[in-house]
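J.: Just so it is clear, I am handing over target_8.json, which has JSON, C-alpha atoms and all ligand atoms.
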[["chain", "number", "residue", "atom", "x", "y", "z"],
["A", 1, "MET", "CA", 117.08, -64.43, 84.04],
["A", 2, "ASP", "CA", 119.96, -64.33, 86.49],
["A", 3, "ILE", "CA", 123.43, -63.95, 84.97],
["A", 4, "GLN", "CA", 126.40, -64.59, 87.27],
["A", 5, "LYS", "CA", 129.23, -64.77, 84.79],
["A", 6, "LEU", "CA", 130.27, -63.34, 81.44],
["A", 7, "GLN", "CA", 132.63, -65.04, 78.99],
["A", 8, "SER", "CA", 133.98, -63.34, 75.87],
["A", 9, "ILE", "CA", 135.07, -65.79, 73.19],
["A", 10, "TYR", "CA", 136.56, -64.37, 70.03],
["A", 11, "PHE", "CA", 138.80, -64.65, 66.99],
["A", 12, "SER", "CA", 140.49, -61.35, 66.24],
["A", 13, "PRO", "CA", 143.74, -61.18, 64.23],
["A", 14, "THR", "CA", 143.97, -57.35, 64.10],
["A", 15, "ARG", "CA", 142.24, -56.85, 67.47],
["A", 16, "THR", "CA", 139.24, -54.69, 66.49],
["A", 17, "THR", "CA", 136.81, -57.51, 67.36],
["A", 18, "SER", "CA", 138.46, -58.05, 70.75],
["A", 19, "THR", "CA", 138.37, -54.28, 71.47],
["A", 20, "ILE", "CA", 134.66, -54.14, 70.70],
["A", 21, "LEU", "CA", 133.90, -57.22, 72.81],
["A", 22, "ASP", "CA", 135.83, -55.69, 75.73],
["A", 23, "GLN", "CA", 133.70, -52.54, 75.48],
["A", 24, "ILE", "CA", 130.45, -54.52, 75.34],
["A", 25, "ALA", "CA", 131.60, -56.56, 78.36],
["A", 26, "ASN", "CA", 132.31, -53.31, 80.28],
["A", 27, "SER", "CA", 128.90, -51.93, 79.45],
["A", 28, "LEU", "CA", 127.18, -55.04, 80.87],
["A", 29, "GLU", "CA", 128.67, -54.49, 84.35],
["A", 30, "ILE", "CA", 128.92, -58.19, 85.25],
["A", 31, "VAL", "CA", 131.65, -58.65, 87.88],
["A", 32, "ASN", "CA", 132.79, -62.19, 87.03],
["A", 33, "THR", "CA", 134.23, -62.07, 83.51],
["A", 34, "THR", "CA", 136.66, -64.25, 81.56],
["A", 35, "LYS", "CA", 138.05, -64.15, 78.03],
["A", 36, "ILE", "CA", 138.93, -66.91, 75.61],
["A", 37, "ASP", "CA", 141.00, -65.77, 72.65],
["A", 38, "LEU", "CA", 140.74, -68.31, 69.84],
["A", 39, "THR", "CA", 143.00, -66.36, 67.48],
["A", 40, "CYS", "CA", 146.33, -68.12, 67.98],
["A", 41, "PRO", "CA", 147.04, -71.85, 68.14],
["A", 42, "GLN", "CA", 148.71, -71.58, 71.55],
["A", 43, "THR", "CA", 145.40, -70.37, 72.95],
["A", 44, "GLU", "CA", 143.41, -73.27, 71.49],
["A", 45, "GLN", "CA", 141.78, -74.95, 74.43],
["A", 46, "ASP", "CA", 140.43, -78.26, 75.47],
["A", 47, "PRO", "CA", 136.75, -78.16, 74.41],
["A", 48, "ASN", "CA", 135.73, -79.58, 77.80],
["A", 49, "GLN", "CA", 137.16, -76.55, 79.55],
["A", 50, "LEU", "CA", 135.02, -74.34, 77.37],
["A", 51, "SER", "CA", 131.68, -75.86, 78.30],
["A", 52, "THR", "CA", 129.39, -73.24, 79.72],
["A", 53, "GLY", "CA", 126.36, -73.22, 81.97],
["A", 54, "LYS", "CA", 122.98, -71.59, 82.22],
["A", 55, "GLU", "CA", 123.79, -68.69, 84.53],
["A", 56, "GLU", "CA", 126.42, -67.50, 82.16],
["A", 57, "LEU", "CA", 126.23, -65.12, 79.24],
["A", 58, "VAL", "CA", 128.69, -65.69, 76.41],
["A", 59, "LEU", "CA", 129.75, -62.96, 73.97],
["A", 60, "PHE", "CA", 130.93, -64.46, 70.69],
["A", 61, "GLY", "CA", 132.90, -62.28, 68.27],
["A", 62, "ALA", "CA", 134.46, -62.77, 64.85],
["A", 63, "PRO", "CA", 135.51, -60.55, 61.95],
["A", 64, "VAL", "CA", 133.84, -60.70, 58.54],
["A", 65, "TYR", "CA", 135.93, -62.18, 55.72],
["A", 66, "GLY", "CA", 134.23, -62.16, 52.31],
["A", 67, "GLY", "CA", 130.76, -61.82, 53.87],
["A", 68, "ARG", "CA", 131.33, -64.89, 56.08],
["A", 69, "ILE", "CA", 133.15, -65.61, 59.30],
["A", 70, "PRO", "CA", 136.72, -66.83, 58.72],
["A", 71, "PRO", "CA", 136.67, -70.65, 58.28],
["A", 72, "LEU", "CA", 139.37, -70.94, 60.95],
["A", 73, "ALA", "CA", 137.20, -69.01, 63.42],
["A", 74, "ALA", "CA", 134.28, -71.32, 62.59],
["A", 75, "LYS", "CA", 136.48, -74.36, 63.16],
["A", 76, "ARG", "CA", 137.73, -73.16, 66.53],
["A", 77, "LEU", "CA", 134.27, -72.02, 67.65],
["A", 78, "SER", "CA", 132.89, -75.43, 66.72],
["A", 79, "GLN", "CA", 134.86, -76.96, 69.60],
["A", 80, "LEU", "CA", 132.67, -75.16, 72.15],
["A", 81, "LYS", "CA", 129.70, -76.61, 73.93],
["A", 82, "GLY", "CA", 126.90, -74.73, 75.61],
["A", 83, "ASN", "CA", 124.12, -75.98, 77.81],
["A", 84, "GLN", "CA", 121.22, -73.85, 76.50],
["A", 85, "THR", "CA", 123.55, -71.01, 77.49],
["A", 86, "PRO", "CA", 122.42, -67.48, 76.54],
["A", 87, "ALA", "CA", 124.75, -65.82, 74.05],
["A", 88, "VAL", "CA", 125.29, -62.58, 72.16],
["A", 89, "VAL", "CA", 126.78, -62.82, 68.67],
["A", 90, "ILE", "CA", 128.90, -60.02, 67.23],
["A", 91, "VAL", "CA", 130.62, -59.60, 63.90],
["A", 92, "VAL", "CA", 132.99, -56.78, 63.01],
["A", 93, "TYR", "CA", 133.45, -55.68, 59.41],
["A", 94, "GLY", "CA", 135.52, -53.15, 57.52],
["A", 95, "ASN", "CA", 132.73, -50.85, 56.27],
["A", 96, "ARG", "CA", 132.00, -52.88, 53.11],
["A", 97, "ALA", "CA", 129.28, -55.38, 54.16],
["A", 98, "PHE", "CA", 128.69, -58.19, 56.65],
["A", 99, "GLU", "CA", 126.34, -60.21, 54.39],
["A", 100, "ASP", "CA", 125.85, -63.72, 55.86],
["A", 101, "ALA", "CA", 128.49, -63.55, 58.60],
["A", 102, "LEU", "CA", 126.22, -62.75, 61.55],
["A", 103, "LEU", "CA", 123.68, -65.39, 60.52],
["A", 104, "GLU", "CA", 126.50, -67.93, 60.13],
["A", 105, "LEU", "CA", 127.87, -67.12, 63.60],
["A", 106, "SER", "CA", 124.40, -67.28, 65.12],
["A", 107, "ASP", "CA", 123.64, -70.64, 63.44],
["A", 108, "LEU", "CA", 127.01, -72.02, 64.50],
["A", 109, "VAL", "CA", 126.58, -71.20, 68.19],
["A", 110, "ARG", "CA", 122.98, -72.47, 68.14],
["A", 111, "ALA", "CA", 124.23, -75.78, 66.78],
["A", 112, "ARG", "CA", 126.70, -75.92, 69.68],
["A", 113, "GLY", "CA", 124.01, -75.57, 72.37],
["A", 114, "PHE", "CA", 123.88, -71.78, 72.88],
["A", 115, "ILE", "CA", 120.81, -69.55, 72.58],
["A", 116, "PRO", "CA", 121.62, -66.24, 70.88],
["A", 117, "ILE", "CA", 119.47, -63.56, 72.53],
["A", 118, "ALA", "CA", 121.03, -60.64, 70.64],
["A", 119, "GLY", "CA", 123.29, -59.94, 67.71],
["A", 120, "ALA", "CA", 125.14, -56.97, 66.31],
["A", 121, "ALA", "CA", 127.37, -55.96, 63.43],
["A", 122, "PHE", "CA", 129.97, -53.32, 64.27],
["A", 123, "ILE", "CA", 132.54, -51.59, 62.08],
["A", 124, "GLY", "CA", 136.30, -51.82, 62.63],
["A", 125, "GLU", "CA", 139.20, -50.42, 60.63],
["A", 126, "HIS", "CA", 139.64, -52.69, 57.61],
["A", 127, "SER", "CA", 142.62, -55.03, 57.85],
["A", 128, "PHE", "CA", 143.69, -53.79, 54.38],
["A", 129, "SER", "CA", 143.43, -50.10, 55.32],
["A", 130, "THR", "CA", 146.67, -48.19, 54.73],
["A", 131, "HIS", "CA", 147.87, -44.61, 55.09],
["A", 132, "ASP", "CA", 147.26, -43.98, 51.38],
["A", 133, "ASN", "CA", 144.05, -46.03, 51.17],
["A", 134, "PRO", "CA", 142.23, -45.63, 54.50],
["A", 135, "ILE", "CA", 139.16, -47.83, 55.01],
["A", 136, "ALA", "CA", 137.10, -47.23, 58.16],
["A", 137, "LYS", "CA", 140.23, -45.62, 59.62],
["A", 138, "ALA", "CA", 140.42, -45.56, 63.44],
["A", 139, "ARG", "CA", 137.12, -47.34, 63.96],
["A", 140, "PRO", "CA", 135.68, -48.16, 66.43],
["A", 141, "ASP", "CA", 135.65, -44.45, 67.34],
["A", 142, "GLN", "CA", 133.83, -42.45, 70.01],
["A", 143, "ALA", "CA", 130.48, -42.64, 68.17],
["A", 144, "ASP", "CA", 130.88, -46.42, 67.96],
["A", 145, "LEU", "CA", 131.66, -46.59, 71.67],
["A", 146, "ASN", "CA", 128.40, -44.71, 72.37],
["A", 147, "ASN", "CA", 126.57, -47.27, 70.23],
["A", 148, "ILE", "CA", 128.27, -50.10, 72.09],
["A", 149, "GLU", "CA", 127.03, -48.60, 75.36],
["A", 150, "ALA", "CA", 123.49, -48.41, 73.91],
["A", 151, "PHE", "CA", 123.71, -52.04, 72.75],
["A", 152, "GLY", "CA", 124.83, -53.07, 76.26],
["A", 153, "GLU", "CA", 121.74, -51.34, 77.73],
["A", 154, "LYS", "CA", 119.47, -53.21, 75.31],
["A", 155, "ILE", "CA", 121.06, -56.55, 76.24],
["A", 156, "LYS", "CA", 120.57, -55.80, 79.95],
["A", 157, "GLU", "CA", 116.88, -54.91, 79.35],
["A", 158, "LYS", "CA", 116.34, -58.09, 77.35],
["A", 159, "ILE", "CA", 117.97, -60.28, 80.02],
["A", 160, "MET", "CA", 115.79, -58.70, 82.71],
["A", 161, "GLY", "CA", 112.65, -59.51, 80.73],
["A", 162, "ILE", "CA", 113.44, -63.21, 80.21],
["A", 163, "GLN", "CA", 111.92, -65.73, 82.66],
["A", 164, "ASN", "CA", 112.44, -69.03, 80.84],
["A", 165, "LEU", "CA", 114.99, -68.83, 78.09],
["A", 166, "GLY", "CA", 113.90, -70.50, 74.85],
["A", 167, "ALA", "CA", 114.01, -70.37, 71.07],
["A", 168, "GLU", "CA", 111.39, -67.58, 71.09],
["A", 169, "HIS", "CA", 114.10, -65.22, 72.40],
["A", 170, "ILE", "CA", 116.32, -65.69, 69.35],
["A", 171, "PRO", "CA", 116.19, -62.54, 67.18],
["A", 172, "LEU", "CA", 115.76, -62.55, 63.43],
["A", 173, "ILE", "CA", 119.21, -62.11, 61.93],
["A", 174, "PRO", "CA", 119.69, -61.02, 58.30],
["A", 175, "GLY", "CA", 121.51, -63.23, 55.82],
["A", 176, "ASP", "CA", 120.93, -65.91, 53.22],
["A", 177, "THR", "CA", 121.20, -69.68, 53.31],
["A", 178, "PRO", "CA", 123.08, -71.25, 51.72],
["A", 179, "TYR", "CA", 125.64, -68.68, 52.82],
["A", 180, "LYS", "CA", 127.71, -66.71, 50.35],
["A", 181, "GLU", "CA", 130.33, -68.93, 48.72],
["A", 182, "LEU", "CA", 133.79, -68.85, 50.29],
["A", 183, "HIS", "CA", 136.56, -67.59, 48.01],
["A", 184, "LYS", "CA", 140.32, -67.69, 48.40],
["A", 185, "ILE", "CA", 141.70, -64.17, 48.72],
["A", 186, "PRO", "CA", 143.64, -63.61, 45.49],
["A", 187, "ILE", "CA", 146.71, -62.01, 47.06],
["A", 188, "LYS", "CA", 150.10, -63.29, 48.13],
["A", 189, "PRO", "CA", 151.00, -63.50, 51.84],
["A", 190, "PRO", "CA", 152.89, -60.55, 53.35],
["A", 191, "ILE", "CA", 156.69, -60.56, 53.10],
["A", 192, "THR", "CA", 159.43, -59.62, 55.58],
["A", 193, "ILE", "CA", 161.86, -56.83, 54.64],
["A", 194, "GLU", "CA", 165.06, -58.43, 55.87],
["A", 195, "SER", "CA", 166.98, -55.19, 56.43],
["A", 196, "ASP", "CA", 164.25, -53.78, 58.70],
["A", 197, "CYS", "CA", 163.46, -56.96, 60.66],
["A", 198, "THR", "CA", 164.89, -57.19, 64.20],
["A", 199, "GLN", "CA", 163.70, -60.79, 64.64],
["A", 200, "CYS", "CA", 161.54, -59.79, 67.62],
["A", 201, "MET", "CA", 159.12, -62.63, 66.66],
["A", 202, "ALA", "CA", 156.01, -60.49, 67.20],
["A", 203, "CYS", "CA", 154.78, -61.59, 63.75],
["A", 204, "VAL", "CA", 155.27, -65.27, 64.57],
["A", 205, "ASP", "CA", 153.35, -64.92, 67.84],
["A", 206, "ALA", "CA", 150.51, -62.97, 66.22],
["A", 207, "CYS", "CA", 149.97, -65.37, 63.32],
["A", 208, "PRO", "CA", 146.75, -67.39, 63.80],
["A", 209, "THR", "CA", 148.05, -70.26, 61.66],
["A", 210, "GLN", "CA", 151.79, -70.42, 62.42],
["A", 211, "ALA", "CA", 152.38, -69.68, 58.74],
["A", 212, "ILE", "CA", 155.62, -67.75, 59.37],
["A", 213, "ASP", "CA", 158.68, -69.96, 59.70],
["A", 214, "LYS", "CA", 160.22, -69.37, 63.17],
["A", 215, "GLU", "CA", 163.67, -70.35, 61.90],
["A", 216, "ASP", "CA", 163.48, -68.18, 58.78],
["A", 217, "LEU", "CA", 161.18, -65.18, 59.03],
["A", 218, "LEU", "CA", 161.51, -64.56, 55.31],
["A", 219, "LYS", "CA", 159.42, -67.68, 54.67],
["A", 220, "THR", "CA", 155.62, -67.63, 54.94],
["A", 221, "ASP", "CA", 153.56, -70.65, 53.99],
["A", 222, "GLN", "CA", 151.32, -69.61, 51.11],
["A", 223, "ASP", "CA", 148.66, -72.24, 51.89],
["A", 224, "THR", "CA", 148.30, -71.75, 55.65],
["A", 225, "CYS", "CA", 148.45, -67.91, 55.63],
["A", 226, "ILE", "CA", 144.88, -66.53, 55.82],
["A", 227, "ARG", "CA", 145.88, -62.98, 54.71],
["A", 228, "CYS", "CA", 144.52, -61.57, 57.99],
["A", 229, "ALA", "CA", 147.22, -58.84, 58.26],
["A", 230, "ALA", "CA", 147.92, -59.59, 61.93],
["A", 231, "CYS", "CA", 151.68, -59.73, 61.24],
["A", 232, "VAL", "CA", 151.61, -56.51, 59.18],
["A", 233, "LYS", "CA", 149.75, -54.55, 61.87],
["A", 234, "ILE", "CA", 151.81, -55.85, 64.79],
["A", 235, "CYS", "CA", 155.33, -55.39, 63.38],
["A", 236, "PRO", "CA", 156.98, -52.55, 65.37],
["A", 237, "GLU", "CA", 159.48, -51.90, 62.52],
["A", 238, "ASN", "CA", 156.96, -52.01, 59.65],
["A", 239, "ALA", "CA", 159.09, -54.82, 58.27],
["A", 240, "ARG", "CA", 156.09, -57.02, 57.35],
["A", 241, "ILE", "CA", 154.33, -55.67, 54.29],
["A", 242, "TYR", "CA", 152.01, -56.75, 51.52],
["A", 243, "ASP", "CA", 154.03, -56.16, 48.39],
["A", 244, "ASP", "CA", 151.47, -57.79, 46.08],
["A", 245, "PRO", "CA", 150.14, -55.06, 43.73],
["A", 246, "LYS", "CA", 146.74, -56.81, 43.84],
["A", 247, "LEU", "CA", 146.46, -55.87, 47.52],
["A", 248, "GLN", "CA", 147.05, -52.18, 46.70],
["A", 249, "GLU", "CA", 144.32, -52.46, 44.04],
["A", 250, "ILE", "CA", 141.88, -54.03, 46.52],
["A", 251, "SER", "CA", 142.68, -51.42, 49.20],
["A", 252, "LYS", "CA", 142.26, -48.59, 46.73],
["A", 253, "ARG", "CA", 138.96, -49.96, 45.46],
["A", 254, "LEU", "CA", 137.59, -50.45, 48.98],
["A", 255, "SER", "CA", 138.84, -47.02, 50.06],
["A", 256, "THR", "CA", 136.99, -45.42, 47.13],
["A", 257, "ASN", "CA", 133.82, -47.55, 47.07],
["A", 258, "CYS", "CA", 133.28, -48.05, 50.80],
["A", 259, "CYS", "CA", 133.95, -44.53, 52.05],
["A", 260, "ASP", "CA", 130.35, -43.79, 53.14],
["A", 261, "ARG", "CA", 130.27, -44.36, 56.85],
["A", 262, "LYS", "CA", 128.22, -47.40, 57.90],
["A", 263, "GLU", "CA", 126.72, -47.56, 61.37],
["A", 264, "PRO", "CA", 126.41, -50.51, 63.75],
["A", 265, "GLU", "CA", 123.22, -52.59, 63.53],
["A", 266, "PHE", "CA", 121.57, -54.40, 66.45],
["A", 267, "PHE", "CA", 119.23, -57.39, 66.38],
["A", 268, "LEU", "CA", 117.28, -58.17, 69.54],
["A", 301, "LIG", "C1", 140.71, -61.68, 54.28],
["A", 301, "LIG", "C2", 139.80, -60.56, 54.72],
["A", 301, "LIG", "C3", 138.52, -60.47, 54.19],
["A", 301, "LIG", "C4", 137.67, -59.42, 54.61],
["A", 301, "LIG", "N1", 136.40, -59.34, 54.11],
["A", 301, "LIG", "C5", 135.59, -58.32, 54.49],
["A", 301, "LIG", "C6", 134.25, -58.21, 54.00],
["A", 301, "LIG", "O1", 133.74, -59.07, 53.28],
["A", 301, "LIG", "N2", 133.52, -57.11, 54.34],
["A", 301, "LIG", "C7", 134.03, -56.13, 55.14],
["A", 301, "LIG", "O2", 133.35, -55.12, 55.35],
["A", 301, "LIG", "N3", 135.26, -56.24, 55.70],
["A", 301, "LIG", "C8", 136.05, -57.31, 55.41],
["A", 301, "LIG", "N4", 137.30, -57.44, 55.95],
["A", 301, "LIG", "C9", 137.71, -56.49, 56.99],
["A", 301, "LIG", "C10", 137.56, -57.07, 58.40],
["A", 301, "LIG", "O3", 136.28, -57.61, 58.59],
["A", 301, "LIG", "C11", 137.78, -55.94, 59.43],
["A", 301, "LIG", "O4", 139.02, -55.35, 59.21],
["A", 301, "LIG", "C12", 137.71, -56.42, 60.87],
["A", 301, "LIG", "O5", 137.69, -55.27, 61.67],
["A", 301, "LIG", "C13", 138.89, -57.28, 61.26],
["A", 301, "LIG", "O6", 138.69, -57.77, 62.57],
["A", 301, "LIG", "P1", 139.89, -58.07, 63.60],
["A", 301, "LIG", "O7", 140.56, -56.72, 63.84],
["A", 301, "LIG", "O8", 139.22, -58.56, 64.81],
["A", 301, "LIG", "O9", 140.83, -59.02, 62.94],
["A", 301, "LIG", "C14", 138.14, -58.46, 55.57],
["A", 301, "LIG", "C15", 139.44, -58.60, 56.09],
["A", 301, "LIG", "C16", 140.26, -59.63, 55.67],
["A", 301, "LIG", "C17", 141.64, -59.75, 56.28]]
Rewrite the structure from the file as structure tokens, please.
T.:
Amino acid sequence: MDIQKLQSIYFSPTRTTSTILDQIANSLEIVNTTKIDLTCPQTEQDPNQLSTGKEELVLFGAPVYGGRIPPLAAKRLSQLKGNQTPAVVIVVYGNRAFEDALLELSDLVRARGFIPIAGAAFIGEHSFSTHDNPIAKARPDQADLNNIEAFGEKIKEKIMGIQNLGAEHIPLIPGDTPYKELHKIPIKPPITIESDCTQCMACVDACPTQAIDKEDLLKTDQDTCIRCAACVKICPENARIYDDPKLQEISKRLSTNCCDRKEPEFFL
């Protein structure tokens, strides 16, 4: 199979998924590469511009939220259209579990006309990781980067071996159907500490749902906020924080129960 172009398409509020996709893209050594970031509304694109062809490989990436891919990521990915386009599906999770997320992503892109030839689950620092309750701190790390390189080699080998791309090239991906039930995350949105905020608007720009009021940064819409922590991680003054005690409980529990290092898994 001849691949002329590589597109990375991802949803990545705290940027670990995008970092991992960049590294996979590097390892594939395809000269013509483009990226489509579906994280923020201003980057939402006309679905027609996103149609892809046969000589292209598309890397799809999303984080794991509650063992699934975030509903918003699924919605934005559902706008895409492939043309029996080969794809690689990648989920990134915070060292707890990825459950049905990779299967869901694979099924979603198949339904949109792509053919997943490989899949992987990588580990990124958990969005709820803090100084006191670290969860997969500083991942992906050097060992992960070595694994990414190895995954890239396997993708290249698989591509070289494919003459006529078809359903027989789709790997078996773990997960259950129906997928795990979606649950609302039982924590309040982050707040802004007024005295520390310099109104730089980084939080507003980083929010995937425009939940933070541009005119009044102290207001965050409870219903649109997806608790992704993008605003907390990006704030240069540490003025956006989760002050809900339930979040500290969750972080502490994850930090204690999910401290055994998990390793990336590949499906080819
Ligand atoms: C609302 C929410 C739910 C999450 N659920 C899970 C989960 O079920 N399993 C897990 O291991 N990590 C979970 N995580 C952690 C993320 O998958 C992880 O931090 C990932 O690296 C975030 O990707 P991003 O940096 O591209 O946003 C969750 C994070 C958030 C914000």
J.: Go through A:Ile250, A:Ala118, A:Leu172, A:Val92 one by one, measure the shortest atom-to-atom distance of each to ligand LIG 301 (chain A) using all atoms listed in the file, and give the residue with the smallest value.
T.: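 Ranking A:Ile250, A:Ala118, A:Leu172, A:Val92 by distance to ligand LIG 301 (chain A), first place goes to A:Val92.
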J.: Pick out the residues sitting within 9 Å of Ser12 in chain A, and hand them over as a PyMOL selection string; count only C-alpha atoms, and ignore anything fewer than 4 positions along from it in its own chain.
T.: chain A and resi 16-18+37-39+61-63+73+230
J.: Set the cut-off to 9 Å, count only C-alpha atoms and all ligand atoms, and list whatever residues fall near ligand LIG 301 (chain A) as a PyMOL selection string.
T.: chain A and resi 10-20+39+61-70+91-99+101+122-129+135-136+139-140+184-185+226-230+254+258
J.: Measuring atom to atom with all atoms listed in the file, identify which of A:Cys200, A:Ala87, A:Met160, A:Ile148 is nearest to Asp22 in chain A.
T.: A:Ile148
J.: Mind giving me the straight-line distance from CA of Pro186 in chain A to CA of Cys259 in chain A in Å, one decimal?
T.: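 Straight-line distance from CA of Pro186 in chain A to CA of Cys259 in chain A works out to 22.4 Å.
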J.: Calculate how many Å separate CA of Phe151 in chain A from CA of Ser8 in chain A, rounding to one decimal.
T.: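 Separating CA of Phe151 in chain A from CA of Ser8 in chain A is a distance of 15.6 Å.
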J.: By how many Å are CA of Lys35 in chain A and CA of Gly113 in chain A apart?
T.: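 Interatomic distance here is 19.0 Å.
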J.: I'd like the neighbourhood of Asp132 in chain A as a list in words, where a residue qualifies if any of its atoms comes within 12 Å (using all atoms listed in the file), though same-chain residues fewer than 5 positions away should be ignored.
T.: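 Counting all atoms listed in the file, the residues come to Lys137, Gln248, Glu249, Ser251, Lys252, Arg253, Leu254, Ser255 and Thr256 of chain A.
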J.: Between A:Asp2, A:Glu153, A:Asp144, A:Glu29, which is the closest to Lys262 in chain A once you count all atoms listed in the file?
T.: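 Checking each candidate against Lys262 in chain A, we get A:Asp144 as the closest.
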J.: Pick the closest to Asn133 in chain A from A:Leu247, A:Glu263, A:Gly152, A:Leu21: which is it, counting only C-alpha atoms?
T.: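 Smallest separation from Asn133 in chain A among the options: A:Leu247.
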J.: Check the smallest atom-to-atom distance from each of A:Ile155, A:Gln79, A:Cys225, A:Ser27 to Ala206 in chain A using only C-alpha atoms, then report the winner.
T.: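 Looking only at the distances to Ala206 in chain A, the closest residue turns out to be A:Cys225.
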J.: Show me as a ChimeraX atom specification the residues that reach within 10 Å of (127.9, -67.3, 65.6), counting only C-alpha atoms and using the file's own coordinates.
T.: /A:59-62,69,73-74,77-78,87-91,101-112,114,116,119
J.: Write out as an mmCIF file with C-alpha atoms, keeping the file's coordinate frame the residues lying within 9 Å of Asp196 in chain A, counting all atoms listed in the file and excluding same-chain residues fewer than 3 positions away.
T.:
data_model
loop_
_atom_site.group_PDB
_atom_site.id
_atom_site.type_symbol
_atom_site.label_atom_id
_atom_site.label_comp_id
_atom_site.auth_asym_id
_atom_site.auth_seq_id
_atom_site.Cartn_x
_atom_site.Cartn_y
_atom_site.Cartn_z
ATOM 1 C CA THR A 192 159.430 -59.620 55.580
ATOM 2 C CA ILE A 193 161.860 -56.830 54.640
ATOM 3 C CA GLU A 237 159.480 -51.900 62.520
ATOM 4 C CA ASN A 238 156.960 -52.010 59.650
ATOM 5 C CA ALA A 239 159.090 -54.820 58.270
ATOM 6 C CA ARG A 240 156.090 -57.020 57.350
#
